[in-house]
>>> print(open('query-v8.pdb').read())   # PDB, C-alpha atoms
ATOM      1  CA  MET A 460      78.789 100.767  64.445
ATOM      2  CA  ALA A 461      81.736 100.762  66.853
ATOM      3  CA  GLN A 462      82.713 104.047  68.436
ATOM      4  CA  ALA A 463      86.232 105.267  67.683
ATOM      5  CA  SER A 464      88.571 105.123  70.644
ATOM      6  CA  LEU A 465      89.701 108.370  72.220
ATOM      7  CA  LYS A 466      93.066 108.345  73.925
ATOM      8  CA  VAL A 467      93.812 111.243  76.255
ATOM      9  CA  ILE A 468      96.855 112.415  78.162
ATOM     10  CA  VAL A 469      95.985 113.894  81.561
ATOM     11  CA  ASN A 470      98.103 116.006  83.896
ATOM     12  CA  ILE A 471      96.775 116.493  87.413
ATOM     13  CA  ASP A 472      97.923 118.542  90.380
ATOM     14  CA  GLY A 473      96.617 119.627  93.735
ATOM     15  CA  GLY A 474      97.892 122.047  96.294
ATOM     16  CA  ALA A 475      97.143 123.542  99.677
ATOM     17  CA  ARG A 476      98.650 126.736 101.012
ATOM     18  CA  GLY A 477      99.263 125.783 104.610
ATOM     19  CA  ASN A 478      98.454 122.058 104.492
ATOM     20  CA  PRO A 479      95.728 122.123 105.550
ATOM     21  CA  GLY A 480      94.801 125.479 104.150
ATOM     22  CA  PRO A 481      93.155 127.017 101.119
ATOM     23  CA  ALA A 482      93.359 124.263  98.505
ATOM     24  CA  ALA A 483      92.690 123.679  94.817
ATOM     25  CA  ALA A 484      92.832 120.902  92.255
ATOM     26  CA  GLY A 485      93.856 121.311  88.630
ATOM     27  CA  PHE A 486      93.931 119.165  85.536
ATOM     28  CA  VAL A 487      94.600 119.350  81.813
ATOM     29  CA  LEU A 488      93.301 116.812  79.270
ATOM     30  CA  ARG A 489      95.009 116.617  75.876
ATOM     31  CA  THR A 490      94.810 114.463  72.794
ATOM     32  CA  THR A 491      97.880 112.402  71.983
ATOM     33  CA  ASP A 492      98.950 115.111  69.512
ATOM     34  CA  GLY A 493      98.903 117.730  72.292
ATOM     35  CA  THR A 494      95.620 119.503  71.568
ATOM     36  CA  VAL A 495      94.077 120.722  74.836
ATOM     37  CA  LEU A 496      90.567 119.311  75.261
ATOM     38  CA  CYS A 497      89.829 120.618  78.737
ATOM     39  CA  GLN A 498      91.667 122.470  81.505
ATOM     40  CA  ARG A 499      90.275 123.414  84.880
ATOM     41  CA  GLY A 500      91.216 124.633  88.304
ATOM     42  CA  CYS A 501      88.788 123.816  91.110
ATOM     43  CA  TYR A 502      88.838 125.791  94.353
ATOM     44  CA  LEU A 503      88.252 123.468  97.306
ATOM     45  CA  GLY A 504      88.339 125.723 100.364
ATOM     46  CA  GLN A 505      90.170 124.225 103.362
ATOM     47  CA  ALA A 506      91.808 120.869 102.604
ATOM     48  CA  THR A 507      95.130 119.054 102.778
ATOM     49  CA  ASN A 508      97.532 118.758  99.879
ATOM     50  CA  ASN A 509      96.803 115.023  99.530
ATOM     51  CA  VAL A 510      93.032 115.585  99.426
ATOM     52  CA  ALA A 511      93.629 118.217  96.722
ATOM     53  CA  GLU A 512      95.747 115.752  94.707
ATOM     54  CA  TYR A 513      93.056 113.049  94.875
ATOM     55  CA  THR A 514      90.338 115.585  94.054
ATOM     56  CA  ALA A 515      92.298 116.566  90.927
ATOM     57  CA  LEU A 516      92.418 112.892  89.929
ATOM     58  CA  LEU A 517      88.674 112.420  90.489
ATOM     59  CA  LYS A 518      87.745 115.573  88.561
ATOM     60  CA  ALA A 519      90.060 114.619  85.682
ATOM     61  CA  LEU A 520      88.607 111.098  85.518
ATOM     62  CA  ALA A 521      85.085 112.566  85.433
ATOM     63  CA  ALA A 522      86.042 114.990  82.655
ATOM     64  CA  ALA A 523      87.664 112.180  80.627
ATOM     65  CA  ALA A 524      84.539 110.042  81.033
ATOM     66  CA  GLU A 525      82.378 112.984  79.943
ATOM     67  CA  LEU A 526      84.489 113.261  76.776
ATOM     68  CA  LYS A 527      83.961 109.511  76.260
ATOM     69  CA  ALA A 528      87.682 108.802  76.436
ATOM     70  CA  THR A 529      88.541 105.118  76.200
ATOM     71  CA  ASP A 530      92.247 105.142  77.087
ATOM     72  CA  ILE A 531      93.850 107.564  79.501
ATOM     73  CA  GLN A 532      97.407 108.164  80.609
ATOM     74  CA  ILE A 533      97.561 110.195  83.810
ATOM     75  CA  PHE A 534     100.636 112.071  85.012
ATOM     76  CA  SER A 535     101.011 113.459  88.536
ATOM     77  CA  ASP A 536     103.863 114.931  90.537
ATOM     78  CA  SER A 537     102.424 113.358  93.721
ATOM     79  CA  GLU A 538     104.549 110.308  94.376
ATOM     80  CA  LEU A 539     102.190 109.261  97.190
ATOM     81  CA  LEU A 540      99.081 109.305  94.986
ATOM     82  CA  VAL A 541     100.816 107.499  92.104
ATOM     83  CA  ARG A 542     102.226 104.778  94.354
ATOM     84  CA  GLN A 543      98.912 104.306  96.154
ATOM     85  CA  MET A 544      96.955 104.094  92.896
ATOM     86  CA  ASN A 545      99.497 101.601  91.495
ATOM     87  CA  GLY A 546      99.320  99.412  94.609
ATOM     88  CA  GLN A 547     102.869 100.100  95.810
ATOM     89  CA  TYR A 548     101.707 101.899  98.982
ATOM     90  CA  ARG A 549      98.713 101.149 101.185
ATOM     91  CA  VAL A 550      96.257 103.949 101.881
ATOM     92  CA  LYS A 551      96.456 104.363 105.655
ATOM     93  CA  ASN A 552      94.650 107.697 105.991
ATOM     94  CA  ALA A 553      90.899 107.165 106.428
ATOM     95  CA  GLY A 554      90.123 110.487 104.740
ATOM     96  CA  LEU A 555      92.069 109.484 101.638
ATOM     97  CA  LEU A 556      90.751 105.922 101.555
ATOM     98  CA  GLU A 557      87.280 107.004 100.401
ATOM     99  CA  LEU A 558      88.813 109.140  97.612
ATOM    100  CA  PHE A 559      91.157 106.290  96.638
ATOM    101  CA  ILE A 560      88.299 103.766  96.380
ATOM    102  CA  LYS A 561      86.250 106.174  94.263
ATOM    103  CA  ALA A 562      89.244 106.867  91.983
ATOM    104  CA  LYS A 563      89.952 103.145  91.504
ATOM    105  CA  ASP A 564      86.298 102.572  90.649
ATOM    106  CA  MET A 565      86.218 105.447  88.144
ATOM    107  CA  ALA A 566      89.533 104.383  86.570
ATOM    108  CA  SER A 567      88.184 100.866  86.013
ATOM    109  CA  GLY A 568      85.535 102.340  83.692
ATOM    110  CA  PHE A 569      88.126 102.989  80.974
ATOM    111  CA  GLU A 570      89.511 100.379  78.587
ATOM    112  CA  SER A 571      92.985 101.431  79.710
ATOM    113  CA  CYS A 572      94.059 103.747  82.524
ATOM    114  CA  THR A 573      97.656 104.216  83.622
ATOM    115  CA  ILE A 574      99.083 106.628  86.162
ATOM    116  CA  SER A 575     102.714 107.691  86.237
ATOM    117  CA  HIS A 576     104.872 110.015  88.289
ATOM    118  CA  VAL A 577     106.476 113.068  86.663
ATOM    119  CA  ARG A 578     108.775 115.683  88.114
ATOM    120  CA  ARG A 579     107.092 118.905  89.178
ATOM    121  CA  GLU A 580     108.540 120.899  86.278
ATOM    122  CA  MET A 581     106.888 118.485  83.827
ATOM    123  CA  ASN A 582     103.497 119.256  85.384
ATOM    124  CA  SER A 583     103.527 123.046  85.151
ATOM    125  CA  HIS A 584     100.278 123.442  83.177
ATOM    126  CA  ALA A 585      98.186 121.587  85.775
ATOM    127  CA  ASP A 586     100.044 123.473  88.528
ATOM    128  CA  ARG A 587      99.130 126.763  86.841
ATOM    129  CA  MET A 588      95.440 125.790  86.950
ATOM    130  CA  VAL A 589      95.764 125.050  90.700
ATOM    131  CA  ASN A 590      97.355 128.430  91.355
ATOM    132  CA  LEU A 591      94.783 130.316  89.283
ATOM    133  CA  ALA A 592      91.976 128.747  91.330
ATOM    134  CA  LEU A 593      93.816 129.478  94.588
ATOM    135  CA  ASP A 594      94.570 133.082  93.644
ATOM    136  CA  ARG A 595      90.985 133.762  92.570
ATOM    137  CA  ARG A 596      89.430 131.529  95.267
ATOM    138  CA  GLN A 597      87.038 130.143  92.674
ATOM    139  CA  ASP A 598      86.845 127.526  89.921
ATOM    140  CA  VAL A 599      88.558 128.506  86.681
ATOM    141  CA  GLN A 600      88.566 127.263  83.097
ATOM    142  CA  ASP A 601      91.171 128.500  80.721
TER     143      ASP A 601
END
>>> encode(input="query-v8.pdb", output="structure tokens")
Amino acid sequence: MAQASLKVIVNIDGGARGNPGPAAAGFVLRTTDGTVLCQRGCYLGQATNNVAEYTALLKALAAAAELKATDIQIFSDSELLVRQMNGQYRVKNAGLLELFIKAKDMASGFESCTISHVRREMNSHADRMVNLALDRRQDVQD
């Protein structure tokens, strides 16, 4: 019997206070009707903003795979990450290249995976998860 497809909408965000500085990654997974399936903030310790953004992507992809999602639409306010993942920009930073390769590999495991840029104000829920983790200096689930 064929498994039903699960389509999820994912918002991701990462941030570092200081860049590099204390950093966190956050993500929110929802069904297409808006029901929140999973939301997390992950405290990373010292990292750059870009590492935090990629870490948010990796953690969100892992959570979507755990939920057995088949189709995912990812939204990020990081223009750099979105353009790199969509092949518009090359990944020049060696530290990001490893994260990029891992993200591309994980994304290929879904029937469909798209990533789009959104303005910061459209990403406030994922941003809130980042700030909760940063404020508490520990992983959070809401």
>>> residues_around(input="query-v8.pdb", residues="segment 540-545 of chain A", least_positions_apart="6", cutoff="8 Å", atoms="only C-alpha atoms", output="number ranges by chain")
A: 509, 512-513, 559, 563, 574-576
>>> write_last_selection(input="query-v8.pdb", atoms="C-alpha atoms", output="PDB file, keeping the file's coordinate frame")
ATOM      1  CA  ASN A 509      96.803 115.023  99.530  1.00  0.00           C
ATOM      2  CA  GLU A 512      95.747 115.752  94.707  1.00  0.00           C
ATOM      3  CA  TYR A 513      93.056 113.049  94.875  1.00  0.00           C
ATOM      4  CA  PHE A 559      91.157 106.290  96.638  1.00  0.00           C
ATOM      5  CA  LYS A 563      89.952 103.145  91.504  1.00  0.00           C
ATOM      6  CA  ILE A 574      99.083 106.628  86.162  1.00  0.00           C
ATOM      7  CA  SER A 575     102.714 107.691  86.237  1.00  0.00           C
ATOM      8  CA  HIS A 576     104.872 110.015  88.289  1.00  0.00           C
TER       9      HIS A 576
END
>>> closest_residue(input="query-v8.pdb", among="A:Ala484, A:Arg579, A:Cys572, A:Ala566", to="Ala521 of chain A", atoms="all atoms listed in the file")
A:Ala566
>>> closest_residue(input="query-v8.pdb", among="A:Gln532, A:Thr514, A:Asn582, A:Thr573", to="Lys561 of chain A", atoms="all atoms listed in the file")
A:Thr514
>>> atom_distance(input="query-v8.pdb", atom1="atom CA of Gly480 of chain A", atom2="atom CA of Leu520 of chain A")
24.3 Å
>>> resolve_selection(input="query-v8.pdb", expression="the PyMOL selection byres ((chain A and resi 501) around 12)", output="JSON, numbers by chain")
{"A": [471, 472, 473, 474, 475, 481, 482, 483, 484, 485, 486, 487, 498, 499, 500, 502, 503, 504, 511, 512, 514, 515, 516, 517, 518, 519, 585, 586, 587, 588, 589, 590, 591, 592, 593, 594, 595, 596, 597, 598, 599, 600, 601]}
>>> write_last_selection(input="query-v8.pdb", atoms="C-alpha atoms", output="PDB file, keeping the file's coordinate frame")
ATOM      1  CA  ILE A 471      96.775 116.493  87.413  1.00  0.00           C
ATOM      2  CA  ASP A 472      97.923 118.542  90.380  1.00  0.00           C
ATOM      3  CA  GLY A 473      96.617 119.627  93.735  1.00  0.00           C
ATOM      4  CA  GLY A 474      97.892 122.047  96.294  1.00  0.00           C
ATOM      5  CA  ALA A 475      97.143 123.542  99.677  1.00  0.00           C
ATOM      6  CA  PRO A 481      93.155 127.017 101.119  1.00  0.00           C
ATOM      7  CA  ALA A 482      93.359 124.263  98.505  1.00  0.00           C
ATOM      8  CA  ALA A 483      92.690 123.679  94.817  1.00  0.00           C
ATOM      9  CA  ALA A 484      92.832 120.902  92.255  1.00  0.00           C
ATOM     10  CA  GLY A 485      93.856 121.311  88.630  1.00  0.00           C
ATOM     11  CA  PHE A 486      93.931 119.165  85.536  1.00  0.00           C
ATOM     12  CA  VAL A 487      94.600 119.350  81.813  1.00  0.00           C
ATOM     13  CA  GLN A 498      91.667 122.470  81.505  1.00  0.00           C
ATOM     14  CA  ARG A 499      90.275 123.414  84.880  1.00  0.00           C
ATOM     15  CA  GLY A 500      91.216 124.633  88.304  1.00  0.00           C
ATOM     16  CA  TYR A 502      88.838 125.791  94.353  1.00  0.00           C
ATOM     17  CA  LEU A 503      88.252 123.468  97.306  1.00  0.00           C
ATOM     18  CA  GLY A 504      88.339 125.723 100.364  1.00  0.00           C
ATOM     19  CA  ALA A 511      93.629 118.217  96.722  1.00  0.00           C
ATOM     20  CA  GLU A 512      95.747 115.752  94.707  1.00  0.00           C
ATOM     21  CA  THR A 514      90.338 115.585  94.054  1.00  0.00           C
ATOM     22  CA  ALA A 515      92.298 116.566  90.927  1.00  0.00           C
ATOM     23  CA  LEU A 516      92.418 112.892  89.929  1.00  0.00           C
ATOM     24  CA  LEU A 517      88.674 112.420  90.489  1.00  0.00           C
ATOM     25  CA  LYS A 518      87.745 115.573  88.561  1.00  0.00           C
ATOM     26  CA  ALA A 519      90.060 114.619  85.682  1.00  0.00           C
ATOM     27  CA  ALA A 585      98.186 121.587  85.775  1.00  0.00           C
ATOM     28  CA  ASP A 586     100.044 123.473  88.528  1.00  0.00           C
ATOM     29  CA  ARG A 587      99.130 126.763  86.841  1.00  0.00           C
ATOM     30  CA  MET A 588      95.440 125.790  86.950  1.00  0.00           C
ATOM     31  CA  VAL A 589      95.764 125.050  90.700  1.00  0.00           C
ATOM     32  CA  ASN A 590      97.355 128.430  91.355  1.00  0.00           C
ATOM     33  CA  LEU A 591      94.783 130.316  89.283  1.00  0.00           C
ATOM     34  CA  ALA A 592      91.976 128.747  91.330  1.00  0.00           C
ATOM     35  CA  LEU A 593      93.816 129.478  94.588  1.00  0.00           C
ATOM     36  CA  ASP A 594      94.570 133.082  93.644  1.00  0.00           C
ATOM     37  CA  ARG A 595      90.985 133.762  92.570  1.00  0.00           C
ATOM     38  CA  ARG A 596      89.430 131.529  95.267  1.00  0.00           C
ATOM     39  CA  GLN A 597      87.038 130.143  92.674  1.00  0.00           C
ATOM     40  CA  ASP A 598      86.845 127.526  89.921  1.00  0.00           C
ATOM     41  CA  VAL A 599      88.558 128.506  86.681  1.00  0.00           C
ATOM     42  CA  GLN A 600      88.566 127.263  83.097  1.00  0.00           C
ATOM     43  CA  ASP A 601      91.171 128.500  80.721  1.00  0.00           C
TER      44      ASP A 601
END
>>> atom_distance(input="query-v8.pdb", atom1="atom CA of Gln505 of chain A", atom2="atom CA of Gly477 of chain A")
9.3 Å
>>> closest_residue(input="query-v8.pdb", among="A:Asn552, A:Asn478, A:Asn508, A:Asn470", to="Gly493 of chain A", atoms="all atoms listed in the file")
A:Asn470
>>> axis_aligned_box(input="query-v8.pdb", around="segment 561-565 of chain A", padding_each_side="3 Å", output="JSON")
{"center_x": 88.1, "center_y": 104.7, "center_z": 91.2, "size_x": 9.7, "size_y": 10.3, "size_z": 12.1}
>>> closest_residue(input="query-v8.pdb", among="A:Glu580, A:Asp564, A:Leu555, A:Ala523", to="Val467 of chain A", atoms="all atoms listed in the file")
A:Ala523
>>> atom_distance(input="query-v8.pdb", atom1="atom CA of Leu556 of chain A", atom2="atom CA of Val577 of chain A")
22.8 Å
>>> residues_near_point(input="query-v8.pdb", point="(83.5, 112.7, 71.9)", cutoff="12 Å", atoms="all atoms listed in the file", output="MDAnalysis selection string")
chainID A and resid 462:467 490 496 522:529
